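Below is one structure, written out as structure tokens, with a few remarks after it.
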Amino acid sequence: MTGTASASLHQLPAWVDVTAMAVAAVFTAHVARRRRVPLFGVLLAGTIGGLGGGMVRDVLLGLEPAAITTWYYIPVVVGAAILGGLAAYRVGLDGLPFVTAQAVAIGLLIGIGVQKAVQYHAPPPSAILLGVITGTFGGTIDEILTGRRATIMSEGHWLLSVVVLGAVTFWLFTIYIGFYLAVVATVIVVAGLRVLSVRLNWTSPVFPGDDLHSADR
Amino acid sequence: MTGTASASLHQLPAWVDVTAMAVAAVFTAHVARRRRVPLFGVLLAGTIGGLGGGMVRDVLLGLEPAAITTWYYIPVVVGAAILGGLAAYRVGLDGLPFVTAQAVAIGLLIGIGVQKAVQYHAPPPSAILLGVITGTFGGTIDEILTGRRATIMSEGHWLLSVVVLGAVTFWLFTIYIGFYLAVVATVIVVAGLRVLSVRLNWTSPVFPGDDLHSADR
Amino acid sequence: MTGTASASLHQLPAWVDVTAMAVAAVFTAHVARRRRVPLFGVLLAGTIGGLGGGMVRDVLLGLEPAAITTWYYIPVVVGAAILGGLAAYRVGLDGLPFVTAQAVAIGLLIGIGVQKAVQYHAPPPSAILLGVITGTFGGTIDEILTGRRATIMSEGHWLLSVVVLGAVTFWLFTIYIGFYLAVVATVIVVAGLRVLSVRLNWTSPVFPGDDLHSADR
């Protein structure tokens, strides 16, 4: 923490930060192996999936990324990527318990992202955008590297909409109510809406008049 | 503006900066909706399309991006993205007046990019590269996120060539003649050549011997 | 070199740095022209291919990239890109001498990347990751811009595996033995393994049980 951050604001404990990144690394490495990425590519995909969002956030805040300056982030996400890769054909990570675990991790990542932006005095719209970036850009960079269209730009179950709502929720709670309640509320909003959208097969909100499913493309 | 920038050099007024970004956001959001991106994805595409080029430029200059530190950039481009998305199927933005508007915005973005680089003492080749990046990378990131090949890397009407010429023009004028004439000259060069290339169906210059159209691929 | 770097640590002489980047620019421009990228796109692809990895490394170290602050990097890589583009259909750059030249350049880029990270006090895992990024991200950004899946995420001859081994080798040698031997050892490891893998048709290591070739996709 440098002198330009407000010491009075709360910070998620480091283990929450690392756990959220490790869970993201497990899932992104798992997805990469299923996309026929070779061994070292899976490890890099997990590393980027776990750390990429936070790295982009820190760079946009003008900071050297915490994942570069702190020695244990990379070993943890590489270990998580190995686990995620090994699990790829033994455990399906598509079931509801796993969707929930991933959504909780995304909720924590969003909270970490917004909180760090607030600590470094980013204005509210920037803090919300940086929360969205922290929660989604790691997996998005992986998708781009493996030649896919980004999920956040595609029709599907609610994802970017949930992330934006989560970032707004976190910002409102951490400013007006308190940090710990903000974490709880954001995880509930993100995991709750994400799981509901998968369970009830809700598709991404679209502009009025659009019907992405039926249209030719 | 920090102490490392030359105060004596001119700066585009903030409203020019914001207007250019808003126009870029309208167009990129419009394109995203036509590519079947859902609602929140269109808003993110407009935000990135409007602010992405300048963010990359500022990061490469070692600065915290102005779009993060200044509170009104994000609300303006999100608003512009909503307009661009809503307009997608009511107003075709492909006609010549719209191509001209977009080219003027790209010309202003290039000027903003080169000028900021010059203010922060970037050497001439870097200033020109940063102008090119400011003018093109927002839309390019959007194309990548939606699974497309970047237009700047593709055969088509003149685009990257016009942008490079515009950046060189701006640099020459702002150094040797003056800032305001540089803005005017760059907008004329970029918008003029871009519109001519669309009107007269000029295709991108290629290496001698290449004939991209006829080739198999 | 700022006050935060250790002056006592060795640095590659600037001409080695520039030569490695120029060779990378020749190859990436060559590849771009073969992928039917027009003239200015080939020049941009060579510029990004030569400088992109080092730029991402510097940004992740919280520095303004050397390629922006030093005036001659961009002219050199643009010149190299012109050569690479012109050579595209006269000289095939696929033969073993060219694969070797490219691998030597990648080895030097990795060394430059790890060394700069060590000088700026990055912890070992970060230094190794930054070496991998310096050696691979320039070409990777080009692949993404031209709508390809990244080679480092694809089955093929050894590449990412060789780069990771090279970065680990460099770090071990530069810390425990010495800088110049680290350069030599890394170039031998990277070029030797890369050429062997092409010559003997070794494919990327995969997770146990995977057989990427035979599988449907």
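Just remember, in the structure tokens the first chain shown is A, the second B, etc., residues are 1-based per chain, and ligands are 1-based in the order shown.
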Requested in this report: Could you give me, as a ChimeraX atom specification, each residue of range 13-108 of chain C that DSSP assigns to helix (DSSP H, G or I) when run on this structure's backbone?
Outcome: /C:14-34,39-60,66-69,73-89,96-108
Query raised in the report: Can you tell me, as a PyMOL selection string, what residues are no more than 9 Å from range 114-117 of chain B when counting only C-alpha atoms, ignoring any on the same chain fewer than 3 positions away?
Result: chain B and resi 5+9-12+57-58+61+109-111+120-124+126-132+134+167-168+170-171+174+179
**Report entry** Residues near Ser204 in chain C, cut-off 8 Å, only C-alpha atoms, skip fewer than 6 positions along chain, as a PyMOL selection string
**Finding:** (chain A and resi 38-39) or (chain C and resi 155-159+161)
Keeping N, CA and C atoms, export the residues of the selection given above as a tab-separated table (two decimals), in the first residue's frame.
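Output contents, as saved in again.tsv:
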chain	number	residue	atom	x	y	z
A	38	PRO	N	-2.20	-27.17	-24.96
A	38	PRO	CA	-1.20	-28.06	-24.37
A	38	PRO	C	-0.80	-27.63	-22.95
A	39	LEU	N	0.03	-28.49	-22.30
A	39	LEU	CA	0.35	-28.35	-20.87
A	39	LEU	C	0.75	-26.94	-20.45
C	155	GLU	N	-1.42	-26.57	-30.00
C	155	GLU	CA	-0.57	-27.73	-30.26
C	155	GLU	C	0.37	-27.40	-31.42
C	156	GLY	N	1.62	-27.85	-31.32
C	156	GLY	CA	2.57	-27.61	-32.41
C	156	GLY	C	3.95	-28.01	-31.94
C	157	HIS	N	4.97	-27.56	-32.67
C	157	HIS	CA	6.32	-27.79	-32.18
C	157	HIS	C	6.51	-27.05	-30.86
C	158	TRP	N	7.50	-27.49	-30.08
C	158	TRP	CA	7.72	-26.87	-28.78
C	158	TRP	C	7.92	-25.37	-28.92
C	159	LEU	N	7.17	-24.58	-28.17
C	159	LEU	CA	7.40	-23.15	-28.16
C	159	LEU	C	7.29	-22.60	-26.74
C	161	SER	N	6.80	-24.14	-24.00
C	161	SER	CA	7.58	-24.97	-23.09
C	161	SER	C	9.05	-24.55	-23.13
Taking a cut-off of 9 Å and counting only C-alpha atoms, can you build a table that, for each residue of chain C near chain B, reports the nearest atom pair and how far apart they are in Å (one decimal), sorted by chain then residue number, as a Markdown table?
| residue | atom | partner | partner_atom | distance |
| --- | --- | --- | --- | --- |
| C:Ala32 | CA | B:Met153 | CA | 8.5 |
| C:Arg33 | CA | B:Phe207 | CA | 8.1 |
| C:Arg35 | CA | B:Arg217 | CA | 8.9 |
| C:Arg36 | CA | B:Leu212 | CA | 6.1 |
| C:Val37 | CA | B:Met153 | CA | 5.3 |
| C:Pro38 | CA | B:Val206 | CA | 4.6 |
| C:Leu39 | CA | B:Val206 | CA | 4.3 |
| C:Phe40 | CA | B:Ser161 | CA | 5.8 |
| C:Gly41 | CA | B:Met153 | CA | 4.9 |
| C:Val42 | CA | B:Met153 | CA | 7.6 |
| C:Leu44 | CA | B:Met153 | CA | 8.5 |
| C:Ala45 | CA | B:Met153 | CA | 8.1 |
| C:Met55 | CA | B:Leu60 | CA | 7.6 |
| C:Val56 | CA | B:Leu60 | CA | 8.9 |
| C:Asp58 | CA | B:Leu60 | CA | 8.9 |
| C:Val59 | CA | B:Leu60 | CA | 7.0 |
| C:Gly62 | CA | B:Gly62 | CA | 7.3 |
| C:Leu63 | CA | B:Gly62 | CA | 6.0 |
| C:Glu64 | CA | B:Gly62 | CA | 4.3 |
| C:Pro65 | CA | B:Leu60 | CA | 6.3 |
| C:Ala67 | CA | B:Ser126 | CA | 7.8 |
| C:Ile68 | CA | B:Ser126 | CA | 5.3 |
| C:Thr69 | CA | B:Ala122 | CA | 6.0 |
| C:Thr70 | CA | B:Pro123 | CA | 7.2 |
| C:Trp71 | CA | B:Pro123 | CA | 5.3 |
| C:Tyr72 | CA | B:Pro125 | CA | 8.1 |
| C:Tyr73 | CA | B:Pro125 | CA | 8.7 |
| C:Ile74 | CA | B:Pro125 | CA | 6.2 |
| C:Pro75 | CA | B:Pro125 | CA | 6.9 |
| C:Gly85 | CA | B:Phe207 | CA | 7.4 |
| C:Leu86 | CA | B:Phe207 | CA | 7.2 |
| C:Ile144 | CA | B:Ile144 | CA | 7.1 |
| C:Leu145 | CA | B:Ala150 | CA | 5.2 |
| C:Thr146 | CA | B:Arg149 | CA | 4.9 |
| C:Gly147 | CA | B:Arg149 | CA | 4.1 |
| C:Arg148 | CA | B:Arg149 | CA | 7.9 |
Requested in this report: Could you please determine the separation between CA of Ala24 in chain C and CA of Leu43 in chain C in Å, to one decimal place?
Outcome: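 It comes out at 12.5 Å.
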**Report entry** Gap from CA of Ala22 in chain C to CA of Gly53 in chain C - Å, one decimal
**Finding:**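 The value is 12.7 Å.
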Query raised in the report: Looking at A:Ala182, A:Ala191, A:Ala14, A:Ala29, which one is nearest to Ala88 in chain A, with distances taken over only C-alpha atoms?
Result: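 Going through A:Ala182, A:Ala191, A:Ala14, A:Ala29 one by one, the smallest distance to Ala88 in chain A is for A:Ala29.
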